[in-house]
Every structure is written in structure tokens, then in C-alpha cells.
>>> print(open('upload.tsv').read())   # TSV, C-alpha atoms and all ligand atoms
chain	number	residue	atom	x	y	z
B	1	MET	CA	30.98	39.97	31.95
B	2	PHE	CA	30.71	37.22	34.50
B	3	LEU	CA	29.42	37.92	37.97
B	4	ILE	CA	32.15	36.02	39.72
B	5	PRO	CA	32.05	36.33	43.48
B	6	LYS	CA	35.25	37.94	44.69
B	7	SER	CA	37.61	35.48	46.34
B	8	ASN	CA	37.55	37.64	49.46
B	9	LEU	CA	33.78	37.18	49.67
B	10	LYS	CA	33.62	34.94	52.70
B	11	LYS	CA	29.93	34.28	53.08
B	12	PHE	CA	28.29	31.87	50.68
B	13	ASP	CA	25.77	33.83	48.65
B	14	PRO	CA	23.21	31.39	47.20
B	15	GLU	CA	21.40	33.85	44.96
B	16	ARG	CA	24.53	35.29	43.44
B	17	SER	CA	25.92	31.82	42.95
B	18	CYS	CA	22.81	30.89	41.00
B	19	PHE	CA	23.32	33.84	38.67
B	20	VAL	CA	26.91	32.79	38.10
B	21	LEU	CA	25.89	29.18	37.49
B	22	ASN	CA	23.30	30.37	35.01
B	23	GLU	CA	25.97	32.29	33.13
B	24	PHE	CA	28.29	29.31	33.13
B	25	ALA	CA	25.51	27.08	31.83
B	26	ALA	CA	24.75	29.59	29.07
B	27	ALA	CA	28.42	29.82	28.14
B	28	GLU	CA	28.72	26.03	27.94
B	29	PHE	CA	25.59	25.77	25.86
B	30	SER	CA	26.86	28.45	23.49
B	31	SER	CA	30.16	26.71	23.18
B	32	ALA	CA	28.45	23.38	22.44
B	33	VAL	CA	26.42	24.96	19.64
B	34	GLU	CA	29.49	26.66	18.24
B	35	MET	CA	31.48	23.41	18.23
B	36	LEU	CA	28.69	21.57	16.42
B	37	PHE	CA	28.61	24.32	13.89
B	38	ALA	CA	32.37	24.11	13.43
B	39	ALA	CA	32.14	20.31	13.08
B	40	LYS	CA	29.67	20.72	10.27
B	41	VAL	CA	31.68	23.33	8.42
B	42	VAL	CA	35.19	21.95	8.71
B	43	ASN	CA	36.31	19.75	5.91
B	44	ASN	CA	38.35	17.19	7.79
B	45	LYS	CA	37.03	14.05	9.46
B	46	LYS	CA	39.48	14.02	12.36
B	47	LEU	CA	38.94	17.68	13.25
B	48	SER	CA	35.23	17.30	12.83
B	49	ASP	CA	35.18	14.37	15.27
B	50	GLY	CA	37.22	16.43	17.71
B	51	PHE	CA	34.70	19.27	17.54
B	52	ILE	CA	31.84	16.85	18.16
B	53	ARG	CA	33.58	15.40	21.23
B	54	HIS	CA	34.18	18.92	22.44
B	55	ALA	CA	30.50	19.80	21.87
B	56	LEU	CA	29.39	16.80	23.91
B	57	ASP	CA	31.69	17.78	26.79
B	58	GLU	CA	30.31	21.31	26.78
B	59	TYR	CA	26.75	20.08	26.72
B	60	LYS	CA	27.51	17.83	29.69
B	61	HIS	CA	28.97	20.84	31.54
B	62	CYS	CA	25.85	22.85	30.78
B	63	ILE	CA	23.71	20.16	32.40
B	64	ILE	CA	25.97	19.91	35.46
B	65	PHE	CA	25.89	23.67	36.09
B	66	THR	CA	22.14	23.72	35.60
B	67	ASN	CA	21.67	20.90	38.09
B	68	ILE	CA	23.79	22.60	40.73
B	69	LYS	CA	21.84	25.82	40.16
B	70	ASN	CA	18.51	24.02	40.49
B	71	GLN	CA	19.62	22.35	43.72
B	72	ILE	CA	20.55	25.69	45.27
B	73	ILE	CA	17.31	27.27	44.02
B	74	SER	CA	15.18	24.63	45.70
B	75	GLU	CA	17.29	24.40	48.84
B	76	TYR	CA	17.27	28.16	49.47
B	77	LYS	CA	13.81	28.72	47.97
B	78	ILE	CA	15.06	31.34	45.55
B	79	ASN	CA	12.38	32.78	43.35
B	80	LYS	CA	13.78	34.82	40.48
B	81	LYS	CA	12.52	34.67	36.97
B	82	GLU	CA	15.91	35.85	35.65
B	83	LEU	CA	17.30	32.50	36.71
B	84	SER	CA	15.48	30.57	34.05
B	85	PHE	CA	17.92	29.42	31.40
B	86	VAL	CA	18.44	31.75	28.48
B	87	PRO	CA	21.49	31.13	26.33
B	88	ASN	CA	22.25	34.83	26.21
B	89	HIS	CA	25.93	34.05	25.99
B	90	LEU	CA	25.64	33.35	22.33
B	91	TYR	CA	25.45	37.11	22.03
B	92	ASN	CA	27.23	38.34	25.12
B	93	LYS	CA	30.42	36.40	24.64
B	94	GLY	CA	30.56	37.14	20.97
B	95	TYR	CA	29.90	33.62	19.69
B	96	ILE	CA	27.25	35.20	17.54
B	97	TYR	CA	28.16	38.55	16.13
B	98	LYS	CA	25.31	40.30	14.35
B	99	ASP	CA	23.65	37.29	12.77
B	100	HIS	CA	26.79	35.25	12.19
B	101	PHE	CA	28.53	32.62	14.24
B	102	ILE	CA	32.08	33.69	15.01
B	103	PHE	CA	33.32	30.59	13.28
B	104	GLU	CA	32.04	31.88	9.96
B	105	LYS	CA	34.21	34.94	10.35
B	106	LYS	CA	37.35	33.19	11.43
B	107	LYS	CA	39.81	30.95	9.72
B	108	LEU	CA	40.20	27.61	11.47
B	109	ASN	CA	43.63	28.62	12.81
B	110	ASP	CA	42.22	31.79	14.35
B	111	PHE	CA	39.23	29.92	15.68
B	112	ALA	CA	41.53	27.54	17.55
B	113	ILE	CA	43.17	30.52	19.26
B	114	PHE	CA	39.78	31.97	20.11
B	115	VAL	CA	38.71	28.69	21.68
B	116	GLY	CA	42.00	28.19	23.50
B	117	ALA	CA	41.99	31.71	24.98
B	118	ASN	CA	38.35	31.32	25.95
B	119	GLU	CA	38.94	28.01	27.67
B	120	GLU	CA	41.86	29.36	29.66
B	121	ILE	CA	39.86	32.32	30.84
B	122	ALA	CA	36.89	30.09	31.68
B	123	GLU	CA	39.24	27.92	33.74
B	124	LYS	CA	40.39	30.86	35.87
B	125	LYS	CA	36.79	31.91	36.50
B	126	LEU	CA	35.78	28.37	37.37
B	127	ILE	CA	38.62	27.97	39.85
B	128	ALA	CA	37.61	31.18	41.65
B	129	PHE	CA	33.99	30.15	41.67
B	130	SER	CA	34.50	26.57	42.84
B	131	ASN	CA	36.61	27.81	45.77
B	132	HIS	CA	33.70	29.96	46.78
B	133	LEU	CA	31.42	26.90	46.80
B	134	LYS	CA	33.87	24.52	48.40
B	135	GLU	CA	32.69	24.62	51.99
B	136	GLN	CA	28.94	24.84	51.51
B	137	LYS	CA	28.64	22.58	48.50
B	138	PRO	CA	31.41	19.98	48.56
B	139	LEU	CA	29.67	17.79	46.00
B	140	ALA	CA	29.28	20.62	43.53
B	141	PHE	CA	32.92	21.49	44.16
B	142	THR	CA	33.99	18.00	43.08
B	143	GLU	CA	31.82	18.11	39.99
B	144	ILE	CA	33.37	21.42	38.97
B	145	GLN	CA	36.86	19.98	39.48
B	146	ASN	CA	35.97	17.36	36.89
B	147	ILE	CA	34.72	20.02	34.48
B	148	LEU	CA	38.04	21.80	34.99
B	149	LYS	CA	39.92	18.72	33.83
B	150	ASP	CA	37.92	18.75	30.59
B	151	GLU	CA	38.50	22.48	30.08
B	152	GLU	CA	42.22	22.07	30.59
B	153	ARG	CA	42.27	19.43	27.88
B	154	HIS	CA	40.23	21.64	25.53
B	155	ALA	CA	42.55	24.61	26.07
B	156	GLU	CA	45.66	22.53	25.59
B	157	TYR	CA	44.39	20.89	22.42
B	158	SER	CA	43.19	24.11	20.82
B	159	LEU	CA	46.32	26.05	21.68
B	160	ARG	CA	48.58	23.28	20.44
B	161	PHE	CA	46.67	23.18	17.16
B	162	ALA	CA	46.85	26.97	16.90
B	163	LYS	CA	50.59	27.09	17.60
B	164	ASN	CA	51.37	24.38	15.09
B	165	ASN	CA	49.40	26.08	12.38
B	166	ASN	CA	50.11	29.76	12.92
B	167	GLY	CA	53.78	30.18	13.49
B	168	LEU	CA	54.69	31.17	17.02
B	169	PHE	CA	54.91	34.93	16.58
B	170	SER	CA	51.57	35.49	14.88
B	171	TYR	CA	50.03	32.95	17.22
B	172	LYS	CA	51.12	35.09	20.19
B	173	ILE	CA	49.82	38.30	18.65
B	174	LYS	CA	46.49	36.71	17.86
B	175	LEU	CA	46.35	35.32	21.36
B	176	ALA	CA	46.86	38.85	22.69
B	177	LYS	CA	43.92	39.99	20.62
B	178	ASP	CA	41.66	37.25	21.93
B	179	ILE	CA	42.73	37.94	25.50
B	180	ILE	CA	41.78	41.62	25.35
B	181	ILE	CA	38.48	40.81	23.65
B	182	ASN	CA	37.64	38.23	26.26
B	183	ARG	CA	38.39	40.65	29.05
B	184	LEU	CA	37.24	43.78	27.34
B	185	ALA	CA	35.53	45.26	30.36
B	186	GLU	CA	38.73	44.98	32.40
B	187	PRO	CA	41.60	44.45	29.97
B	188	PRO	CA	45.09	43.78	31.28
B	189	SER	CA	47.71	46.52	31.00
B	190	LEU	CA	49.97	46.34	27.95
B	191	ILE	CA	52.88	45.16	30.03
B	192	ASP	CA	50.82	42.40	31.68
B	193	LEU	CA	49.50	41.40	28.28
B	194	ALA	CA	53.04	41.20	26.90
B	195	ASN	CA	54.09	39.02	29.84
B	196	GLU	CA	51.10	36.78	29.42
B	197	ILE	CA	51.84	36.00	25.78
B	198	GLY	CA	55.58	35.86	26.36
B	199	LEU	CA	56.72	38.74	24.14
B	200	SER	CA	58.50	41.99	24.97
B	201	LEU	CA	56.37	45.11	25.09
B	202	LYS	CA	58.07	46.41	21.95
B	203	LYS	CA	57.40	43.21	19.98
B	204	LEU	CA	53.79	43.15	21.11
B	205	LYS	CA	53.21	46.71	19.94
B	206	GLU	CA	54.96	46.19	16.62
B	207	GLY	CA	53.38	42.83	15.89
B	208	PHE	CA	49.89	43.97	16.75
B	209	LYS	CA	50.14	46.92	14.44
B	210	GLN	CA	51.54	44.70	11.71
B	211	ILE	CA	48.73	42.12	11.91
B	212	TYR	CA	45.75	44.27	12.85
B	213	GLY	CA	46.85	47.60	11.43
B	214	ASP	CA	46.13	49.38	14.69
B	215	SER	CA	47.44	49.82	18.21
B	216	VAL	CA	46.12	47.48	20.89
B	217	TYR	CA	44.30	50.38	22.50
B	218	SER	CA	42.48	51.68	19.41
B	219	PHE	CA	41.67	48.17	18.30
B	220	LEU	CA	39.98	47.52	21.62
B	221	ILE	CA	38.04	50.80	21.57
B	222	ASP	CA	36.79	50.01	18.07
B	223	TYR	CA	35.77	46.53	19.08
B	224	LYS	CA	33.96	47.82	22.16
B	225	MET	CA	32.03	50.40	20.17
B	226	GLU	CA	30.97	47.78	17.64
B	227	LEU	CA	29.81	45.57	20.48
B	228	ALA	CA	27.99	48.50	22.09
B	229	ARG	CA	26.15	49.08	18.85
B	230	THR	CA	25.10	45.43	18.63
B	231	LEU	CA	23.92	45.45	22.23
B	232	LEU	CA	21.89	48.62	21.65
B	233	GLU	CA	20.39	47.12	18.50
B	234	SER	CA	19.30	44.06	20.46
B	235	GLY	CA	17.00	46.34	22.47
B	236	ASP	CA	17.75	44.34	25.63
B	237	TYR	CA	19.91	46.96	27.36
B	238	ASN	CA	19.70	50.65	28.07
B	239	VAL	CA	22.60	53.02	27.44
B	240	ASN	CA	23.86	52.76	30.98
B	241	GLU	CA	23.86	48.96	30.95
B	242	VAL	CA	25.67	48.82	27.62
B	243	GLY	CA	28.33	51.19	28.98
B	244	LEU	CA	28.83	48.97	32.02
B	245	LYS	CA	29.05	45.82	29.93
B	246	ILE	CA	31.93	47.19	27.91
B	247	GLY	CA	33.73	48.56	30.93
B	248	TYR	CA	32.60	52.17	31.31
B	249	SER	CA	31.55	52.79	34.89
B	250	THR	CA	30.74	56.41	34.04
B	251	SER	CA	28.15	56.68	31.30
B	252	SER	CA	29.29	60.15	30.17
B	253	HIS	CA	32.62	58.61	29.12
B	254	PHE	CA	30.82	55.92	27.18
B	255	ILE	CA	28.55	58.45	25.49
B	256	ALA	CA	31.54	60.58	24.47
B	257	ALA	CA	33.44	57.60	23.04
B	258	PHE	CA	30.41	56.37	21.12
B	259	LYS	CA	29.78	59.80	19.69
B	260	LYS	CA	33.39	60.12	18.63
B	261	LYS	CA	33.16	56.88	16.66
B	262	TYR	CA	29.67	57.10	15.17
B	263	GLY	CA	28.90	60.81	15.25
B	264	VAL	CA	25.72	60.37	17.31
B	265	THR	CA	25.04	59.65	20.95
B	266	PRO	CA	24.00	56.09	21.84
B	267	LYS	CA	20.55	57.28	22.78
B	268	LYS	CA	20.02	59.04	19.43
B	269	TYR	CA	21.37	56.01	17.67
B	270	PHE	CA	18.95	53.77	19.54
B	271	MET	CA	16.03	56.04	18.76
B	272	SER	CA	16.92	56.15	15.08
B	273	LEU	CA	16.51	52.36	14.97
B	274	SER	CA	12.85	52.43	15.85
B	275	SER	CA	11.91	55.39	13.70
A	301	FE	FE	32.94	23.51	29.27
A	302	FE	FE	35.57	23.62	27.03
>>> encode(input="upload.tsv", output="C-alpha cells")
Amino acid sequence: MFLIPKSNLKKFDPERSCFVLNEFAAAEFSSAVEMLFAAKVVNNKKLSDGFIRHALDEYKHCIIFTNIKNQIISEYKINKKELSFVPNHLYNKGYIYKDHFIFEKKKLNDFAIFVGANEEIAEKKLIAFSNHLKEQKPLAFTEIQNILKDEERHAEYSLRFAKNNNGLFSYKIKLAKDIIINRLAEPPSLIDLANEIGLSLKKLKEGFKQIYGDSVYSFLIDYKMELARTLLESGDYNVNEVGLKIGYSTSSHFIAAFKKKYGVTPKKYFMSLSS
């Protein structure tokens, strides 16, 4: 869902960069809120302190991204109201699902996997983005390198916790689930997914079915349709936009999939909400 500039994009694009920075800032803010929430809920002083430290890091990152964005805005005289800060990531990235924080729905062990997978994916996006900025904004580049060091630590800590508490096999299967959810618009192929988590294709398929009662593919479709429904309910996106967000470049395919799951078209569903 990020608007990451492609690595082959040679020219520095200030406006697009600002949109990306805004998304990063929103993601960091969301993560900070989520960590504070987790710190409050968890019943263990050491873990709780860890969550608070993590929250403070994320808040710091939010400020850094916002500052870089504001510098570019004033330097290039960009005037876009969409660039004001809205923590839309709380919804978009699934930190809040319906009116619940994800943490409420997850056990601590699963939450650690969720955080670890998220941090690793954020790292990859950050690396691509900072390379794009490197020449034009060397200072910003250095600041982002420092953020990356924090994120690496977060990912490592969360994944270590998750591994120690889940048993390696179920940890890997749950990691696979979080990877496809995090990249739901462009999920990896099954074979790439299996390689990424370090299991054979056969074990991935079997284990996923065992833990989630469904194939990877149907699980993802279900998840996407649920997300589509939430996005439609928010009233912030039209049918086309929702389709794009969950990875359908052709809206007729999205409409067909939605209808198959819920028995009505997205448009009818949306209209039924206001009547
Ligand atoms: Fe961060
Ligand atoms: Fe982080």
C-alpha cells in the first residue's frame, strides 16, 4: 500500500517523496500507539518496558519523517492538502481492525510475529526509499540510516521472542501468514513464500491448512474481502479505489470476487449501509 518510488526511478520526485514520507510517518505513529496499547495490556513489567521503549523509538521516527517531509515541502513549495498528517495507517495497515486494535485480537506470541514481519517489510521499503533520496538529500539519507538501525533491532527482538515462544514450525507458518497479509496487494508466489520462511512447499501447504484451516490462497482472498468491506464501510474510498488497495487492477474482477463472498456487489453493499 506504500507509494514507494521504483528503484529505477532516476529523477528525484519531491512531491511523490512527500507522499511516501507522509505514509511512513503515519505508519510510525500507528506503531507507536499500538506499542503503548500493548504495554498497557501486557502483564509483565519487562515486556511492558520493552513496548514503551519501542513506542518511543517509533514516535521519534514519526517526527523525523515529518521533518524531512516539511523540509521538502518548503524547499520545493509544494502545496497539497493531502500532505497534512493523518494517521490513516491505523486503518490501512490493519493496526485497527473494525474498532479493535490488532493487539486485542492476537495472543502475545502472535503479536510478536506480526510486529517482526512488519518491521522487516518496513526495513525493505525504507532501504529502497532512502536510496532514492541519497543524492538529493544526503542529510535525510543519514537520518533514515539511523532509523533503519532501530528497525533492525525491533525486528530481531520481536522475531526472537516469537521463535522462543511459538515452536519453530508454527512460528514459520504464522510468519507466512503475516507476510502475505502485509503484502496483500502483491503477495509473493507460494514457492517464494516457502523459501522466505525456510520450509518446503509441501510443509508450507500442510502446515498452513493445519493452523488456519484453509489454503494460503483462500485465506488471503477471505482476508482481502474482509478488508474491502471495512474500507467500504469507512466511506473514504470508492469501489475502484478499494479494489486497487487490495490488489485488483481490474475492478470487474474485484466486483466478482466480492459478490462471490458476500452475495452482493460492493456498490450495492455500500448503498445498503446508508439506507
Ligand atoms: Fe519505526
Ligand atoms: Fe520499529
>>> closest_atom_pairs(input="upload.tsv", of="chain B", to="ligand FE 301 (chain A)", cutoff="9 Å", atoms="only C-alpha atoms and all ligand atoms", output="CSV")
residue,atom,partner,partner_atom,distance
B:Phe24,CA,A:FE301,FE,8.4
B:Ala25,CA,A:FE301,FE,8.6
B:Ala27,CA,A:FE301,FE,7.8
B:Glu28,CA,A:FE301,FE,5.1
B:Phe29,CA,A:FE301,FE,8.4
B:Ser31,CA,A:FE301,FE,7.4
B:Ala32,CA,A:FE301,FE,8.2
B:His54,CA,A:FE301,FE,8.3
B:Ala55,CA,A:FE301,FE,8.6
B:Asp57,CA,A:FE301,FE,6.4
B:Glu58,CA,A:FE301,FE,4.2
B:Tyr59,CA,A:FE301,FE,7.5
B:Lys60,CA,A:FE301,FE,7.9
B:His61,CA,A:FE301,FE,5.3
B:Cys62,CA,A:FE301,FE,7.3
B:Glu119,CA,A:FE301,FE,7.7
B:Ala122,CA,A:FE301,FE,8.0
B:Glu123,CA,A:FE301,FE,8.9
B:Ile147,CA,A:FE301,FE,6.5
B:Leu148,CA,A:FE301,FE,7.9
B:Asp150,CA,A:FE301,FE,7.0
B:Glu151,CA,A:FE301,FE,5.7
B:His154,CA,A:FE301,FE,8.4
>>> atom_distance(input="upload.tsv", atom1="atom CA of Ile121 of chain B", atom2="atom CA of Ile63 of chain B")
20.3 Å
>>> residues_near_point(input="upload.tsv", point="(29.4, 50.8, 25.4)", cutoff="10 Å", atoms="only C-alpha atoms", output="ChimeraX atom specification")
/B:185,221,223-232,239-249,251,253-255,257-258,266
>>> atom_distance(input="upload.tsv", atom1="atom CA of Asp110 of chain B", atom2="atom CA of Tyr217 of chain B")
20.4 Å
>>> closest_residue(input="upload.tsv", among="B:Lys46, B:Lys149, B:Lys172, B:His132", to="ligand FE 302 (chain A)", atoms="all atoms listed in the file")
B:Lys149
>>> residues_around(input="upload.tsv", residues="Lys163 of chain B", least_positions_apart="5", cutoff="12 Å", atoms="only C-alpha atoms", output="number ranges by chain")
B: 109-113, 116, 155-158, 168-175
>>> atom_distance(input="upload.tsv", atom1="atom CA of Glu15 of chain B", atom2="atom CA of Glu120 of chain B")
25.9 Å
>>> closest_residue(input="upload.tsv", among="B:Val33, B:Leu273, B:Val41, B:Ile179", to="ligand FE 302 (chain A)", atoms="all atoms listed in the file")
B:Val33
>>> closest_residue(input="upload.tsv", among="B:Asn146, B:Ser130, B:Ser74, B:Ser17", to="ligand FE 302 (chain A)", atoms="all atoms listed in the file")
B:Asn146
>>> axis_aligned_box(input="upload.tsv", around="segment 61-77 of chain B", padding_each_side="6 Å", output="AutoDock Vina command-line options")
--center_x 21.4 --center_y 24.3 --center_z 40.1 --size_x 27.2 --size_y 20.8 --size_z 30.7
>>> closest_residue(input="upload.tsv", among="B:Ile73, B:Val264, B:Ala176, B:Val216", to="Pro14 of chain B", atoms="only C-alpha atoms")
B:Ile73
>>> closest_residue(input="upload.tsv", among="B:Leu159, B:Ile52, B:Arg16, B:Lys202", to="Lys40 of chain B", atoms="only C-alpha atoms")
B:Ile52
>>> closest_residue(input="upload.tsv", among="B:Asp13, B:Leu133, B:Lys177, B:Lys45", to="Tyr76 of chain B", atoms="all atoms listed in the file")
B:Asp13
>>> residues_around(input="upload.tsv", residues="Asn22 of chain B", least_positions_apart="3", cutoff="8 Å", atoms="only C-alpha atoms", output="MDAnalysis selection string")
chainID B and resid 18:19 25:26 65:66 69 83:85
>>> residues_around(input="upload.tsv", residues="Asp192 of chain B", least_positions_apart="4", cutoff="12 Å", atoms="all atoms listed in the file", output="list in words")
Ala176, Ile179, Ile180, Pro187, Pro188, Glu196, Ile197, Gly198, Leu199, Ser200, Leu201 and Leu204 of chain B
